[in-house]
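Chemist: Please find one structure pasted underneath; my questions will follow.
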Amino acid sequence: MSILIDKNTKVITQGITGATGLFHAQGARDYGTQMVGGVTPGKGGTSIDGFPIFNTVEDAVKETGANASVIYVPPIGSADAIMEAVDAGIELVICITEGVPVLDMVKVNKYMQGRNSRLIGPNCPGVITPGECKIGIMPGYIHKPGPVGVVSRSGTLTYEAVWQLTTRDIGQTTCVGIGGDPVNGTSHLDTLKMFEADPATKAVIMIGEIGGDAEELAAAYVRDHMTKPVAAFIAGATAPAGKRMGHAGAIISGGKGDAASKKAFLTECGVSVADSPAEMAEALLKIWQP
Amino acid sequence: MNIHEYQAKAILRNFGVPVPDGHVVYNSNSARDWAKRLGDGPWAVKAQIHAGGRGKGGGVKIAKTADEVKQYARDMFGMTLVTHQTGPEGKTVKRVLVEKGSNIADEFYVSFLVDRATDKVTLMASAEGGVNIEEVAEKTPEKLFFEAVDPVVGLTAFQARKVAFKLGFALPQVKQAVPVLMNLYKAFVESDCSLLEINPLIKTAEGDLICLDAKLNFDDNALFRHHRIRDLRDYDEEDPMEIEAGQYDLSYIALDGNIGCMVNGAGLAMATMDIIQHYGASPANFLDVGGGATIERVTEAFKIILSDEKVEGILVNIFGGIMKCDVIATGVVEAAKQVGVTVPLVVRLEGTNVELGKKILAESGLDIVSADGMADAAEKIVKAVNG
């Protein structure tokens, strides 16, 4: 078991003829993911490296039965690509693209209300269920199947956590990169709920950042509803206020969203908070044994 | 991206929002000339820097005569203005706004921003205008009013009316406030703002509503569709190294410490800064070389770090996903050869092509300490710098 994706997930790539899209479609296929085709308007009916190409997501779904889509379309067209996938009935839409305008995402989230799709991202590394399905840009080999769920706003920091687990011979159910933007599709809280409902997931590592209050909302859920142990790290303790730390969402504004207050609240809610990013796996092992 | 107050007011004027008549000047003579052209005094003379709290630092003056305007402007040009938002080093005044004065009867606060909790643009207003709104939010949150805006419909007249009545406006001001608020919302979305703040919105003795100050921040991700706004960027207001880094698509922010960092990924970059502090030192910068960095970009990143005189040691922390460790290693070696590394250098590589990367570093003949894992890397660089 896992969340979001497994060996039966059929994936199309939107923006497959771009260098990035093709590179990662190939990488995912090599990992064993069912990469069933791609979409590039105007190139429908052709193929690239064995991937059939369609003009629209609707066509691609009709022909391939895809139920997931991964988007590498540049920022100017990302919101449109997400909505096209949602309109075509794709259940899981993962937008990797970095640099999508915030107000585009405000519209996208409104558009998605009442529809049956879930969006992960944008500005995220994607989702992987080790050994079964990899959708996104993460290096596959650092993962291994096992009982820990990982959720994070950051890409490379997720790899760090995963690597700490894998080198201790602890595998992962699913690792979800929800993205570093202030307005995104799936939150820490949404992901924790899925991990809680997944029988295979026995424990969770949640990686947060400064800015916003998504980690606090997730922590309140841990306190009130979660039966599984959760460890966390919050990046950005040394970040100055008012400066955007790479991710558009990672900014302390109006004295809110700083690392110290987040850590304090998480601890209060029973989350095992790592003092250092090198101790994420250790923080989990303090409260849980595999 | 931030812009100056006079630029923000020009944008708002185009959206039909009432702002005082005024003009930006670059020397004190034209300050006096523009005061006369604007009509009778008094006038407001306002230093233009990208920071709030200017009044307390002497950056806002009211002049009764045109000669006073000139005098105040002369005092301001070249002065280093220190406010609670500039940091202790302050900012040098190079532009001054001369405006027609207003008879302030009452002050209010209005802003628009994207609320992350609701994923909606939200109007925030308070009758406590002209003061630090963060203090109001902390001490008297009941004095702040919010209206979340439906992105399809936009700010409606009834929402604007609700807020206007809550602010205590009489009917004539409510009638003015509705188009003002709706036009401010329009300016926010059509310019892709991340923050639009009017503090204060004033009611004059004559009963008119005017935006006396205006602050606009823009979503960097949306600047590709706002060329005119992009052209308003004032490079004098930014850190030269951050500008340099931006030219190479590097995300760089200067900090106060002495350990330079080069990392891939924003989260890991932040975490690397944190672990340096965890081991008792401070980072000199945030630097994310990104996922698809080339050897050239890595080389430039390394040069930027080395050009910072505060840097007494460098920590390279890479977890290669898309980023290949051999590319990083080659870039580091290349940069070190070009500029010479005179400070301790600790490199931690993990991920794609890690063995190849380590080999390139080992065979380079450079004095590089390699590390296993983040903790080991941080300990080693802190020890090398602090002794």
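Here's how to read the names in the structure tokens: chain A, B, ... by the order shown, residue numbers from 1 in each chain, ligand numbers from 1 in the order shown.
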Output as a short mmCIF file (atom, residue, chain, number, x, y, z; two decimals) with N, CA, C and O atoms, in the first residue's frame the set of chain A residues within 7 Å of chain B, with distances taken over only C-alpha atoms.
Modeler:
```cif
data_model
loop_
_atom_site.label_atom_id
_atom_site.label_comp_id
_atom_site.auth_asym_id
_atom_site.auth_seq_id
_atom_site.Cartn_x
_atom_site.Cartn_y
_atom_site.Cartn_z
N GLY A 99 8.02 28.74 -10.64
CA GLY A 99 7.84 30.10 -11.13
C GLY A 99 6.45 30.40 -11.65
O GLY A 99 6.27 31.33 -12.45
N VAL A 100 5.45 29.66 -11.22
CA VAL A 100 4.07 29.93 -11.64
C VAL A 100 3.55 31.15 -10.85
O VAL A 100 3.67 31.18 -9.62
N PRO A 101 2.97 32.15 -11.53
CA PRO A 101 2.45 33.31 -10.81
C PRO A 101 1.41 32.91 -9.75
O PRO A 101 0.58 32.04 -9.99
N LEU A 103 -1.17 34.48 -8.54
CA LEU A 103 -2.58 34.72 -8.85
C LEU A 103 -3.11 33.71 -9.87
O LEU A 103 -4.31 33.45 -9.92
N VAL A 106 -4.24 31.01 -7.62
CA VAL A 106 -5.50 31.38 -6.95
C VAL A 106 -6.67 30.98 -7.85
O VAL A 106 -7.65 30.39 -7.41
N LYS A 107 -6.53 31.27 -9.16
CA LYS A 107 -7.59 30.90 -10.11
C LYS A 107 -7.70 29.39 -10.24
O LYS A 107 -8.81 28.84 -10.29
N ILE A 137 11.07 14.49 -10.48
CA ILE A 137 12.49 14.70 -10.79
C ILE A 137 13.43 14.14 -9.74
O ILE A 137 14.64 14.33 -9.81
N MET A 138 12.88 13.44 -8.74
CA MET A 138 13.76 12.93 -7.67
C MET A 138 14.60 11.76 -8.18
O MET A 138 14.16 11.01 -9.06
N PRO A 139 15.83 11.61 -7.64
CA PRO A 139 16.63 10.45 -8.03
C PRO A 139 16.02 9.19 -7.40
O PRO A 139 15.86 9.11 -6.19
N SER A 154 10.14 21.04 0.17
CA SER A 154 11.41 21.21 -0.53
C SER A 154 11.84 19.93 -1.21
O SER A 154 11.59 18.83 -0.72
N GLY A 155 12.50 20.05 -2.36
CA GLY A 155 12.96 18.89 -3.09
C GLY A 155 14.18 18.24 -2.45
O GLY A 155 14.11 17.14 -1.90
N THR A 156 15.31 18.96 -2.49
CA THR A 156 16.56 18.35 -2.04
C THR A 156 16.55 18.01 -0.55
O THR A 156 17.20 17.07 -0.13
N LEU A 157 15.78 18.78 0.20
CA LEU A 157 15.71 18.47 1.63
C LEU A 157 14.91 17.17 1.85
O LEU A 157 15.17 16.43 2.81
N PRO A 182 3.51 29.71 -2.15
CA PRO A 182 2.54 30.07 -1.12
C PRO A 182 1.13 29.51 -1.39
O PRO A 182 0.42 29.17 -0.46
N VAL A 183 0.74 29.43 -2.64
CA VAL A 183 -0.56 28.85 -2.97
C VAL A 183 -0.31 27.61 -3.81
O VAL A 183 0.23 27.69 -4.91
N GLY A 212 4.01 31.32 6.30
CA GLY A 212 2.67 30.74 6.36
C GLY A 212 2.40 30.00 7.65
O GLY A 212 3.15 30.11 8.63
N ALA A 235 12.87 24.19 8.17
CA ALA A 235 14.04 24.89 7.63
C ALA A 235 13.84 26.40 7.70
O ALA A 235 12.72 26.89 7.55
N GLY A 236 14.93 27.12 7.96
CA GLY A 236 14.88 28.57 7.90
C GLY A 236 15.05 29.28 9.23
O GLY A 236 14.71 30.45 9.35
N ALA A 237 15.63 28.58 10.23
CA ALA A 237 15.84 29.20 11.54
C ALA A 237 16.75 30.43 11.43
O ALA A 237 16.63 31.36 12.20
N THR A 238 17.64 30.42 10.45
CA THR A 238 18.60 31.53 10.32
C THR A 238 18.15 32.56 9.28
O THR A 238 18.87 33.50 8.99
N MET A 245 13.45 33.33 0.77
CA MET A 245 14.52 32.35 0.71
C MET A 245 14.30 31.37 -0.44
O MET A 245 13.94 30.21 -0.24
N GLY A 246 14.45 31.85 -1.63
CA GLY A 246 14.34 30.99 -2.81
C GLY A 246 12.91 30.61 -3.12
O GLY A 246 12.36 31.04 -4.12
N HIS A 247 12.28 29.83 -2.26
CA HIS A 247 10.88 29.51 -2.45
C HIS A 247 10.03 30.75 -2.20
O HIS A 247 10.25 31.46 -1.23
N GLY A 254 5.69 40.17 8.60
CA GLY A 254 4.92 40.66 9.73
C GLY A 254 5.19 39.87 11.00
O GLY A 254 4.30 39.72 11.84
N SER A 276 18.42 19.68 14.02
CA SER A 276 19.31 19.88 12.89
C SER A 276 18.79 19.04 11.72
O SER A 276 18.21 17.97 11.91
N PRO A 277 19.01 19.54 10.51
CA PRO A 277 18.53 18.79 9.33
C PRO A 277 19.24 17.45 9.17
O PRO A 277 18.77 16.60 8.42
N ALA A 278 20.35 17.26 9.88
CA ALA A 278 21.05 15.98 9.81
C ALA A 278 20.39 14.94 10.71
O ALA A 278 20.77 13.76 10.69
#
```
Chemist: Would you mind writing down, as an MDAnalysis selection string, each residue of segment 28-247 of chain A that DSSP on the backbone assigns to alpha helix (DSSP H)?
Modeler: chainID A and resid 28:31 57:64 75:87 102:112 155:166 188:197 214:225
Chemist: Quick one: everything within 9 Å of Gln164 of chain A, counting only C-alpha atoms, minus sequence neighbours fewer than 2 positions away in the same chain. Send it as a PyMOL selection string.
Modeler: chain A and resi 159-162+166-170+278-282
Chemist: Suppose you want the space between atom CA of Ser126 of chain B and atom CA of Ile198 of chain B; what is it in Å?
Modeler: 10.8 Å
Chemist: When you look at Ile12 of chain A with a cut-off of 9 Å (counting only C-alpha atoms), what residues show up, excluding the ones that are within fewer than 2 positions of it in the same chain? I need them as an mmCIF file with N, CA, C and O atoms, in the first residue's frame.
Modeler:
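After the write, result-v7.cif holds the following:
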```cif
data_model
loop_
_atom_site.group_PDB
_atom_site.id
_atom_site.type_symbol
_atom_site.label_atom_id
_atom_site.label_comp_id
_atom_site.auth_asym_id
_atom_site.auth_seq_id
_atom_site.Cartn_x
_atom_site.Cartn_y
_atom_site.Cartn_z
ATOM 1 N N LYS A 10 -1.201 5.195 -14.301
ATOM 2 C CA LYS A 10 -0.795 5.449 -15.690
ATOM 3 C C LYS A 10 -0.602 6.940 -15.876
ATOM 4 O O LYS A 10 -1.522 7.737 -15.658
ATOM 5 N N GLN A 14 2.761 16.280 -19.604
ATOM 6 C CA GLN A 14 2.401 17.491 -20.361
ATOM 7 C C GLN A 14 3.662 18.320 -20.552
ATOM 8 O O GLN A 14 4.318 18.691 -19.576
ATOM 9 N N ILE A 16 5.963 17.096 -23.004
ATOM 10 C CA ILE A 16 6.908 15.978 -23.149
ATOM 11 C C ILE A 16 7.993 16.263 -24.171
ATOM 12 O O ILE A 16 9.066 15.659 -24.130
ATOM 13 N N ALA A 25 10.580 12.041 -18.199
ATOM 14 C CA ALA A 25 9.669 10.974 -18.625
ATOM 15 C C ALA A 25 10.477 9.687 -18.828
ATOM 16 O O ALA A 25 10.055 8.595 -18.422
ATOM 17 N N GLN A 34 4.538 3.428 -15.281
ATOM 18 C CA GLN A 34 3.805 3.311 -16.549
ATOM 19 C C GLN A 34 3.647 4.687 -17.175
ATOM 20 O O GLN A 34 2.647 5.371 -16.953
ATOM 21 N N MET A 35 4.619 5.090 -17.957
ATOM 22 C CA MET A 35 4.563 6.385 -18.652
ATOM 23 C C MET A 35 3.931 6.116 -20.015
ATOM 24 O O MET A 35 4.578 5.572 -20.913
ATOM 25 N N VAL A 36 2.643 6.495 -20.142
ATOM 26 C CA VAL A 36 1.890 6.027 -21.302
ATOM 27 C C VAL A 36 1.830 7.027 -22.460
ATOM 28 O O VAL A 36 1.255 6.715 -23.498
ATOM 29 N N GLY A 37 2.421 8.179 -22.301
ATOM 30 C CA GLY A 37 2.413 9.116 -23.415
ATOM 31 C C GLY A 37 2.611 10.540 -22.967
ATOM 32 O O GLY A 37 2.959 10.786 -21.805
ATOM 33 N N GLY A 38 2.409 11.470 -23.914
ATOM 34 C CA GLY A 38 2.615 12.867 -23.571
ATOM 35 C C GLY A 38 1.718 13.775 -24.381
ATOM 36 O O GLY A 38 1.061 13.341 -25.323
ATOM 37 N N VAL A 39 1.691 15.038 -23.963
ATOM 38 C CA VAL A 39 0.879 16.024 -24.656
ATOM 39 C C VAL A 39 1.759 17.205 -25.067
ATOM 40 O O VAL A 39 2.472 17.765 -24.225
ATOM 41 N N VAL A 57 -5.000 16.872 -23.608
ATOM 42 C CA VAL A 57 -5.030 15.883 -22.526
ATOM 43 C C VAL A 57 -6.247 14.970 -22.701
ATOM 44 O O VAL A 57 -6.185 13.773 -22.444
ATOM 45 N N ALA A 60 -5.371 12.263 -24.944
ATOM 46 C CA ALA A 60 -4.430 11.347 -24.299
ATOM 47 C C ALA A 60 -5.142 10.418 -23.324
ATOM 48 O O ALA A 60 -4.849 9.218 -23.256
ATOM 49 N N VAL A 61 -6.100 10.964 -22.583
ATOM 50 C CA VAL A 61 -6.841 10.146 -21.616
ATOM 51 C C VAL A 61 -7.674 9.088 -22.352
ATOM 52 O O VAL A 61 -7.703 7.918 -21.977
ATOM 53 N N THR A 64 -5.115 6.440 -23.839
ATOM 54 C CA THR A 64 -4.177 5.709 -22.978
ATOM 55 C C THR A 64 -4.792 5.271 -21.652
ATOM 56 O O THR A 64 -4.220 4.432 -20.955
ATOM 57 N N ALA A 66 -4.919 7.161 -19.103
ATOM 58 C CA ALA A 66 -4.080 7.770 -18.058
ATOM 59 C C ALA A 66 -4.939 8.301 -16.909
ATOM 60 O O ALA A 66 -6.021 8.844 -17.144
ATOM 61 N N ASN A 67 -4.474 8.120 -15.676
ATOM 62 C CA ASN A 67 -5.177 8.692 -14.523
ATOM 63 C C ASN A 67 -4.288 9.638 -13.725
ATOM 64 O O ASN A 67 -4.665 10.136 -12.676
ATOM 65 N N ALA A 68 -3.088 9.882 -14.236
ATOM 66 C CA ALA A 68 -2.207 10.869 -13.596
ATOM 67 C C ALA A 68 -1.476 11.647 -14.685
ATOM 68 O O ALA A 68 -1.259 11.133 -15.790
ATOM 69 N N SER A 69 -1.131 12.890 -14.350
ATOM 70 C CA SER A 69 -0.406 13.713 -15.311
ATOM 71 C C SER A 69 0.711 14.444 -14.585
ATOM 72 O O SER A 69 0.550 14.861 -13.443
ATOM 73 N N VAL A 70 1.835 14.583 -15.268
ATOM 74 C CA VAL A 70 2.927 15.377 -14.701
ATOM 75 C C VAL A 70 3.230 16.512 -15.671
ATOM 76 O O VAL A 70 3.290 16.308 -16.884
ATOM 77 N N ILE A 71 3.366 17.726 -15.110
ATOM 78 C CA ILE A 71 3.452 18.932 -15.941
ATOM 79 C C ILE A 71 4.838 19.567 -15.864
ATOM 80 O O ILE A 71 5.325 19.905 -14.773
#
```
Chemist: Which parts of segment 100-309 of chain B does DSSP call strand (DSSP E) when run on the backbone here, written out as a ChimeraX atom specification?
Modeler: /B:100,104-115,120-126,144-149,193-204,209-211,215-218,251-254,259-263,285-288
Chemist: Would you mind listing what lies within 9 Å of Asp181 of chain A as a ChimeraX atom specification, with only C-alpha atoms counted and same-chain residues fewer than 3 positions away left out?
Modeler: /A:98-100,102,121-124,153,178,184,247-250
Chemist: Tell me, in Å to one decimal, how far atom CA of Gly131 of chain A is from atom CA of Lys228 of chain A.
Modeler: 23.0 Å
Chemist: Pick from A:Gly15, A:Gly65, A:Arg223, A:Gly140: nearest to Lys43 of chain A, with only C-alpha atoms counted?
Modeler: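 Of the candidates, the smallest distance to Lys43 of chain A is held by A:Gly15.
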Chemist: Mind checking which residues fall within 12 Å of Ile94 of chain A, counting only C-alpha atoms, ignoring those fewer than 2 positions away in the same chain, and posting them as a PDB file with C-alpha atoms, in the first residue's frame?
Modeler:
```pdb
ATOM      1  CA  LEU A   4      -1.578   8.747  -4.332  1.00  0.00           C
ATOM      2  CA  ILE A   5       0.331   6.464  -6.735  1.00  0.00           C
ATOM      3  CA  VAL A  11       0.995   8.723 -16.306  1.00  0.00           C
ATOM      4  CA  ILE A  12       1.102  11.203 -19.157  1.00  0.00           C
ATOM      5  CA  THR A  13       3.636  14.027 -19.414  1.00  0.00           C
ATOM      6  CA  GLN A  14       2.401  17.491 -20.361  1.00  0.00           C
ATOM      7  CA  ASN A  67      -5.177   8.692 -14.523  1.00  0.00           C
ATOM      8  CA  ALA A  68      -2.207  10.869 -13.596  1.00  0.00           C
ATOM      9  CA  SER A  69      -0.406  13.713 -15.311  1.00  0.00           C
ATOM     10  CA  VAL A  70       2.927  15.377 -14.701  1.00  0.00           C
ATOM     11  CA  ILE A  71       3.452  18.932 -15.941  1.00  0.00           C
ATOM     12  CA  TYR A  72       6.754  20.398 -17.172  1.00  0.00           C
ATOM     13  CA  VAL A  73       5.094  23.210 -19.133  1.00  0.00           C
ATOM     14  CA  SER A  78       1.352  26.003 -16.306  1.00  0.00           C
ATOM     15  CA  ALA A  79      -2.004  27.093 -14.907  1.00  0.00           C
ATOM     16  CA  ALA A  81      -2.031  22.934 -18.345  1.00  0.00           C
ATOM     17  CA  ILE A  82      -3.252  22.092 -14.835  1.00  0.00           C
ATOM     18  CA  MET A  83      -6.811  23.105 -15.673  1.00  0.00           C
ATOM     19  CA  ALA A  85      -5.704  18.002 -16.998  1.00  0.00           C
ATOM     20  CA  VAL A  86      -8.420  18.591 -14.410  1.00  0.00           C
ATOM     21  CA  ILE A  90      -7.170  13.241 -14.518  1.00  0.00           C
ATOM     22  CA  GLU A  91      -7.296  12.206 -10.846  1.00  0.00           C
ATOM     23  CA  LEU A  92      -3.799  13.242  -9.884  1.00  0.00           C
ATOM     24  CA  ILE A  96       6.787  20.327 -11.345  1.00  0.00           C
ATOM     25  CA  THR A  97       7.211  23.777 -12.937  1.00  0.00           C
ATOM     26  CA  SER A 117      -8.795  15.970  -9.160  1.00  0.00           C
ATOM     27  CA  ARG A 118      -5.949  16.427  -6.737  1.00  0.00           C
ATOM     28  CA  LEU A 119      -3.092  18.793  -7.549  1.00  0.00           C
ATOM     29  CA  ILE A 120       0.427  18.372  -6.180  1.00  0.00           C
ATOM     30  CA  GLY A 121       2.705  21.396  -6.570  1.00  0.00           C
ATOM     31  CA  PRO A 122       3.571  23.527  -8.410  1.00  0.00           C
ATOM     32  CA  ASN A 123       7.289  24.048  -7.830  1.00  0.00           C
ATOM     33  CA  CYS A 124       7.756  20.549  -6.447  1.00  0.00           C
ATOM     34  CA  PRO A 125       9.910  17.464  -7.045  1.00  0.00           C
ATOM     35  CA  GLY A 126       6.865  15.188  -7.503  1.00  0.00           C
ATOM     36  CA  VAL A 127       5.724  11.991  -5.820  1.00  0.00           C
ATOM     37  CA  ILE A 128       7.353   8.572  -5.515  1.00  0.00           C
ATOM     38  CA  LYS A 134       8.067   7.564  -9.652  1.00  0.00           C
ATOM     39  CA  ILE A 135       6.524  10.752 -11.013  1.00  0.00           C
ATOM     40  CA  GLY A 136       8.861  13.720 -10.963  1.00  0.00           C
ATOM     41  CA  ILE A 137      12.490  14.704 -10.793  1.00  0.00           C
ATOM     42  CA  VAL A 176       5.352  13.636  -1.498  1.00  0.00           C
ATOM     43  CA  GLY A 177       6.915  16.962  -2.465  1.00  0.00           C
ATOM     44  CA  ILE A 178       4.083  19.462  -2.126  1.00  0.00           C
ATOM     45  CA  GLY A 179       6.115  22.410  -3.423  1.00  0.00           C
ATOM     46  CA  ASN A 184      -0.435  25.215  -3.990  1.00  0.00           C
ATOM     47  CA  GLY A 185      -2.664  22.224  -4.555  1.00  0.00           C
ATOM     48  CA  THR A 186      -2.008  19.878  -1.660  1.00  0.00           C
TER      49      THR A 186
END
```
Chemist: Which one is closest to Asp367 of chain B: B:Arg32, B:Lys46, B:Arg54, B:Lys337? Count only C-alpha atoms.
Modeler: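 Smallest separation from Asp367 of chain B among the options: B:Lys337.
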Chemist: Give me the residues near segment 165-175 of chain B as a PyMOL selection string, where near means some atom within 8 Å (using only C-alpha atoms) and where sequence neighbours in that chain fewer than 5 positions away do not count.
Modeler: chain B and resi 108+125-127+145+207-209
Chemist: Write the residues of the selection above to a file with N, CA and C atoms, as a PDB file, in the first residue's frame.
Modeler:
```pdb
ATOM      1  N   PHE B 108      -6.845  55.876   7.943  1.00  0.00           N
ATOM      2  CA  PHE B 108      -7.285  54.476   7.915  1.00  0.00           C
ATOM      3  C   PHE B 108      -6.195  53.608   7.278  1.00  0.00           C
ATOM      4  N   ALA B 125      -8.553  45.785   6.354  1.00  0.00           N
ATOM      5  CA  ALA B 125      -8.743  47.212   6.616  1.00  0.00           C
ATOM      6  C   ALA B 125      -8.861  47.467   8.107  1.00  0.00           C
ATOM      7  N   SER B 126      -8.513  48.693   8.492  1.00  0.00           N
ATOM      8  CA  SER B 126      -8.624  49.073   9.891  1.00  0.00           C
ATOM      9  C   SER B 126      -8.807  50.590   9.996  1.00  0.00           C
ATOM     10  N   ALA B 127      -9.561  50.988  11.020  1.00  0.00           N
ATOM     11  CA  ALA B 127      -9.694  52.422  11.273  1.00  0.00           C
ATOM     12  C   ALA B 127      -8.452  52.960  11.980  1.00  0.00           C
ATOM     13  N   PHE B 145     -10.360  44.288   9.873  1.00  0.00           N
ATOM     14  CA  PHE B 145     -11.475  43.668   9.162  1.00  0.00           C
ATOM     15  C   PHE B 145     -10.967  43.008   7.880  1.00  0.00           C
ATOM     16  N   GLY B 207     -13.611  66.145   3.360  1.00  0.00           N
ATOM     17  CA  GLY B 207     -14.438  64.944   3.230  1.00  0.00           C
ATOM     18  C   GLY B 207     -14.041  64.018   2.097  1.00  0.00           C
ATOM     19  N   ASP B 208     -12.875  64.275   1.472  1.00  0.00           N
ATOM     20  CA  ASP B 208     -12.433  63.402   0.383  1.00  0.00           C
ATOM     21  C   ASP B 208     -11.547  62.267   0.900  1.00  0.00           C
ATOM     22  N   LEU B 209     -11.645  61.106   0.239  1.00  0.00           N
ATOM     23  CA  LEU B 209     -10.735  60.000   0.548  1.00  0.00           C
ATOM     24  C   LEU B 209      -9.537  60.074  -0.394  1.00  0.00           C
TER      25      LEU B 209
END
```
Chemist: What's the separation between atom CA of Pro344 of chain B and atom CA of Asn258 of chain B, in Å to one decimal place?
Modeler: 11.6 Å
